[in-house]
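**Student:** Pasting a structure below so you can have a look.
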There are 2 protein chains.
Amino acid sequence: MTKPPTSLDQLCINTIRTLAIDAVQQANSGHPGTPMGAATMAYTLWTRFLHHNPANPAWPDRDRFVLSAGHASMLLYALLYLTGYDLPLEELRRFRQWGSKTPGHPEYGRTPGVEMTTGPLGQGFGMGIGMAIAEQFLAGHFNRPDHAIVDHYVYGIVSDGDLMEGVSSEAASLAGTLKLGKVIYLYDDNDISIEGSTDLAFTEQVGERFDAYRWHVQRVDGNDIEAVAGAIEAARAVTHQPSLIIARTVIGFGSPHKAGTAGVHGAPLGEEEVRLTKDALGWPEQPLFLVPEQALAEFRKALDRGRAWEQEWKDRLTAYERDYPDDGRRFAQVMSGELPRGWEAALPVFSSTDGEMATRVASGKVLNAAIQVLPTLVGGSADLAPSTETYLKGHGDLGLDEWCGHNMHFGVREHAMGTIVNGMALHGGVQPYGATFLIFSDYMRPAIRIAALMKAHSIFIFTHDSIGLGQDGPTHQPVEHLMSLRAMPELTVLRPADANETAACWRIALDRKGPCALVLTRQDLPVIDDVERIHEGVPRGAYVLAEADAARPDMVLIATGSEVSLALKARELLAQRGVRARVVSMPSWELFEEQPQAFRDEVLPPSVTARIAIEAGATLGWSKYVGDHGGVIGLDHFGASAPAGVLFEKFGFTPEHVAERAEAVVARLTTAPR
Amino acid sequence: MTKPPTSLDQLCINTIRTLAIDAVQQANSGHPGTPMGAATMAYTLWTRFLHHNPANPAWPDRDRFVLSAGHASMLLYALLYLTGYDLPLEELRRFRQWGSKTPGHPEYGRTPGVEMTTGPLGQGFGMGIGMAIAEQFLAGHFNRPDHAIVDHYVYGIVSDGDLMEGVSSEAASLAGTLKLGKVIYLYDDNDISIEGSTDLAFTEQVGERFDAYRWHVQRVDGNDIEAVAGAIEAARAVTHQPSLIIARTVIGFGSPHKAGTAGVHGAPLGEEEVRLTKDALGWPEQPLFLVPEQALAEFRKALDRGRAWEQEWKDRLTAYERDYPDDGRRFAQVMSGELPRGWEAALPVFSSTDGEMATRVASGKVLNAAIQVLPTLVGGSADLAPSTETYLKGHGDLGLDEWCGHNMHFGVREHAMGTIVNGMALHGGVQPYGATFLIFSDYMRPAIRIAALMKAHSIFIFTHDSIGLGQDGPTHQPVEHLMSLRAMPELTVLRPADANETAACWRIALDRKGPCALVLTRQDLPVIDDVERIHEGVPRGAYVLAEADAARPDMVLIATGSEVSLALKARELLAQRGVRARVVSMPSWELFEEQPQAFRDEVLPPSVTARIAIEAGATLGWSKYVGDHGGVIGLDHFGASAPAGVLFEKFGFTPEHVAERAEAVVARLTTAPR
């Protein structure tokens, strides 16, 4: 028996639910339960609170909406279509199909209004915190009395799974420390995860946990519009604490046989249950993807509201630009995402007369020079600022004394750092970076990957990049990390050979689209004075740093990072022994692969098959460049705890050993039949 | 002015402190602050509570000691030497030197009495939880009324950094759910991390947070022996909650200028401050590494106590074996770590007549068969049991109804799962496994690496191993993961091609030393009937699955996992076109690399340089096997959300495309000058 919806609100909410039901059923794949359960609170948030303009998803001061529970993508797609984003109903019919704008999990850049890529749990939670930090930073820098040109909320829907993931714990603790009052997360508390009741593995008291993080915590019935609205109001009134609204919901709400069960989490309802659910919701069985006109009209009011909000903001901005013209220009520059003209000139040039220098130290000098011309720079380290050399001296601690500070203290929370850097990058107006030891890139790998998927301009600084860190031992010595990062699509990995290459790599990292990882040494390295060659070569990924003393080299030594100076020394030894070696410095595989074949053949001549690659890391992958006749001096085992010099010696990273291996390769090729 | 120590206890505690001070100063590298600050509580724990036998670090029922704050390694080394482990004082003098038993961070297997490798923060916290789970599991299975043969505690020292890391949040929440009363962690609450005061990033209320996880929480002065002892007593009395004892301490205790500052965290005190500190502690400046006889005698009482404890346990075991002879035999078998004779016979053999089958499904069948003969199997999934096919049917849920269950519910906590599996493996008496999607191996990578470093027998099951998972899209489709895992030393990666290879891979995983990762498909694959060839071939890493129809193949197709059946189809196409292709199935690079060169040349004849590798993942690394003249059909970009069949088609994983590429490679080699 079909009952009529009790109200317009209910009609709208059931429109969301049934769109999700139909899309998942039609795709025969997806997660209907969460959209059905969270529809009421999402509706309440989107129609009563969320400041957004569907006609301009790029309006800078919009509230950000975070669907951390990315598997509930249909909830978001339904809202985007219904409120008038450029996402036609036809796309909802193509849910999870090749080329559609409605992939299985929300993808940033693919669908208008999708603020971030989510799905891997906890990522959205952390990125939302990063967005709120960016908002506070920009507000701290630009807002003036009676002129709040940066003033928006970050709302989110988070799930049990999000809150089980450690990354959200890390991010929540930091958000509490930073008193991020603009964060308001609705927790879809439905007691169900894929294996069944959350009692199986999750009996903690979530509210008390967030109390402990110093969040503002409320509990409401997630199916009660007024209760949800009241809680959001209350959360907005609390300006110095992030808010968690624990909303009791029923997963798969409306499904007579599957509501409140794991069965509705990650699988279509099935045709019969779809029929029964629609019946229970007072919804006609057909047509599929039914959108009642009345509901659509109600949702589409978002367009008028949004236009008005954006206009009101534009008026505020105009007034600001009038009263604070310099700040107005600065704001426009910062929000443009463009680098100011001539910024590169501010970066330092290093000289061998300065003595040896670790690339982490050079990086610190570059950063501290860059901040003079790039006021968008803001970042920090996962409790390793003194070691990663990432502190911006004289630029304050963000969120502690003041929101104008540029230095963040992430705590020992690499994973949250990664997500927060991503969220800041997505927000715009800032150029974020996060630093830790290369070994701990493993702790934040899911965030690095999301950055790569989104092509977010996150900069990751990884120091202590090999056994060269010495005595901390194998728990701290990366081996496989460089190669593992190179294997990731869309990530640019940069491992400079000295201080000047470090400056050149920073130029690339700051100017490039997409995420970059700077991989830096703890130990000192000689400074290479050939600045022009470096600045021409580094952007091409690999270049001839030292030419053989002949037109055609007998062999090529390819090295990265700290092993380049080793290659240079080996080259001298080889010269003494009559072997003419070319040294190729290869700071970035990705950049090199982007070069035309002709350039690549120039650097690595196909006719010179005697090649040795030298890198203090896993050899896997180097065959590509050294070929069938070459060799690799690398590290296919874990390191050890001893002074760095001892380790390099024990593990074969000496000029003598490199020269020996090189001679052997050349000899084999000379004597062997081709 | 040198003041005499006020008591024997104080003398002992200062012995620990000064050994740490001297060792770090002599190495000119290390972390003196935490050993100095935590010496009192460690002393109290080790002399009054910790049941261990320094003469036999392998005594199965010893209490486990977890130094999660691994940077405080000198605290542990001092205790090991002082209580009489096989760690002479000479080794402490060689702290952080090549070949010593005292590396920068504790390494399992290198130093007697070191229970686990720690240093990367949070790992120890989680592994301790795993040890406690193993203890409860074995107690649940073997203890009988009046016969407690498994009955020990897991004590730990954890730091601010440990508690900031998300992995400890995950593990703590699960430990609370499981009511692990045998876990007693001392939290070294010293308000200092590397960047300075913990106020910078860590203002949460840790005690309240652990209350929320349903832990038993106490607060004590960590420098007050009686207070610490009282808290440990109270914690032991609480049998159904893990305990956190928040011990207020002063980092670098005793150092007049550096105590309570970040300066003493990760750097030697400096000679002058060493002098002043020793003076303040009433300690003579010389000799270095001074161990007062009285203190040593007090510590060495641990030997007598330990022998007595172990003997008492042996007596209990004898009585148990008398009263429960069958259980006694089973216990001996289980604790031996050996597999029961003939266990392999229990594993299923699959037939193509059963139809196509996903390797995850085959894996589930293997697991459910194996449990019949391997009662040590215990494990589960990070909330994906139905998808990873890891549930052991009819074998109960561990820690919920009963402690005899074999199924764990880790919750959406991949990282904690990894650490817990590692801790269980270290404990002994169980064969643990943990499962999730391959994409989420990123979330637990630090734990996988620690397993590899320790050569722990952890089994990781990673399903949904490629774009073959289909519509969940790029957020869930692994691309770089296989190669990233292969790059890690000491990890065996196994990617079976069908159900029978899956069984063969499980045989290896269960029998091999060190961690293994099983990489499995979501999608169905044809079953290959050539069981004998498979069981002979898989342990060698790669083998000829289908021979070319000639003595010498024109080319070799190398494939892994789901791409093997694709290669077989391409081979047929090629045969029709007159190209004789050999198909090599290569489930494990690591196993193949262990084979003699002759065997490797047999499988991949050096004379056959026309080779194509096919794997739905990053191509990086394959050059090694396909050589300069070969090609790789892989995926160097992210996937997309669409049905799997569409994706394989769009991305070139079709028999036609493989055949075309193969023909091109053969043609190039035939026509090109060699």
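Convention: chains lettered A, B, ... in structure tokens order; per-chain residue numbering from 1; ligands numbered from 1 as shown.
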Taking only segment 178-223 of chain A into account, list the residues labelled strand (DSSP E or B) by DSSP (computed from the backbone), as number ranges by chain.
**Tutor:** A: 183-189, 192-193, 196-197, 216-221
**Student:** Could you work out which residues of chain A fall inside 6 Å of chain B? Count only C-alpha atoms, and format the result as a ChimeraX atom specification.
**Tutor:** /A:96-98,103-104,161,164-167,169-170,174,177,194-195,201,203-205,208-209,212-213,383,409,411-413,442,445-446,471-473,480,484,487-489,620-621,623-624,627-628,637,641-642
**Student:** Please provide the set of residues having any atom within 8 Å of segment 247-264 of chain A, restricted to only C-alpha atoms, with same-chain residues fewer than 6 positions apart removed, written as a PyMOL selection string.
**Tutor:** chain A and resi 31-38+186-197+219-223+228+273-274+276-278+280-281
**Student:** Using only C-alpha atoms for the distances, tell me which of A:Lys365, A:Arg522, A:Lys455, A:His535 is nearest to Ala504 of chain A.
**Tutor:**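 Closest to Ala504 of chain A, using only C-alpha atoms: A:His535.
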**Student:** As a VMD selection string, list the residues of segment 237-372 of chain B assigned to helix (DSSP H, G or I) by DSSP on the backbone atoms of this structure.
**Tutor:** chain B and resid 237 262 to 264 271 to 280 293 to 323 325 to 336 343 to 346 352 to 354 359 to 372
**Student:** At what distance in Å, to one decimal, does atom CA of Gly113 of chain A lie from atom CA of Pro60 of chain A?
**Tutor:** 12.4 Å
**Student:** Can you tell me which residues surround Ala667 of chain A at a distance of at most 12 Å, considering only C-alpha atoms, apart from same-chain residues fewer than 6 positions away, and format the answer as a list in words?
**Tutor:**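 Counting only C-alpha atoms, the residues come to Asp554, Met555, Gly578, Val579, Thr609, Ala610, Arg611, His629, Gly630, Ala659, Glu660, Arg661 and Pro673 of chain A.
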**Student:** Near segment 310-322 of chain A, within 9 Å and counting only C-alpha atoms, which residues show up once chain neighbours fewer than 6 positions away are dropped, as an NGL selection string?
**Tutor:** :A and (51-53 or 56 or 59 or 61-62 or 143-144 or 147-149 or 328-329)
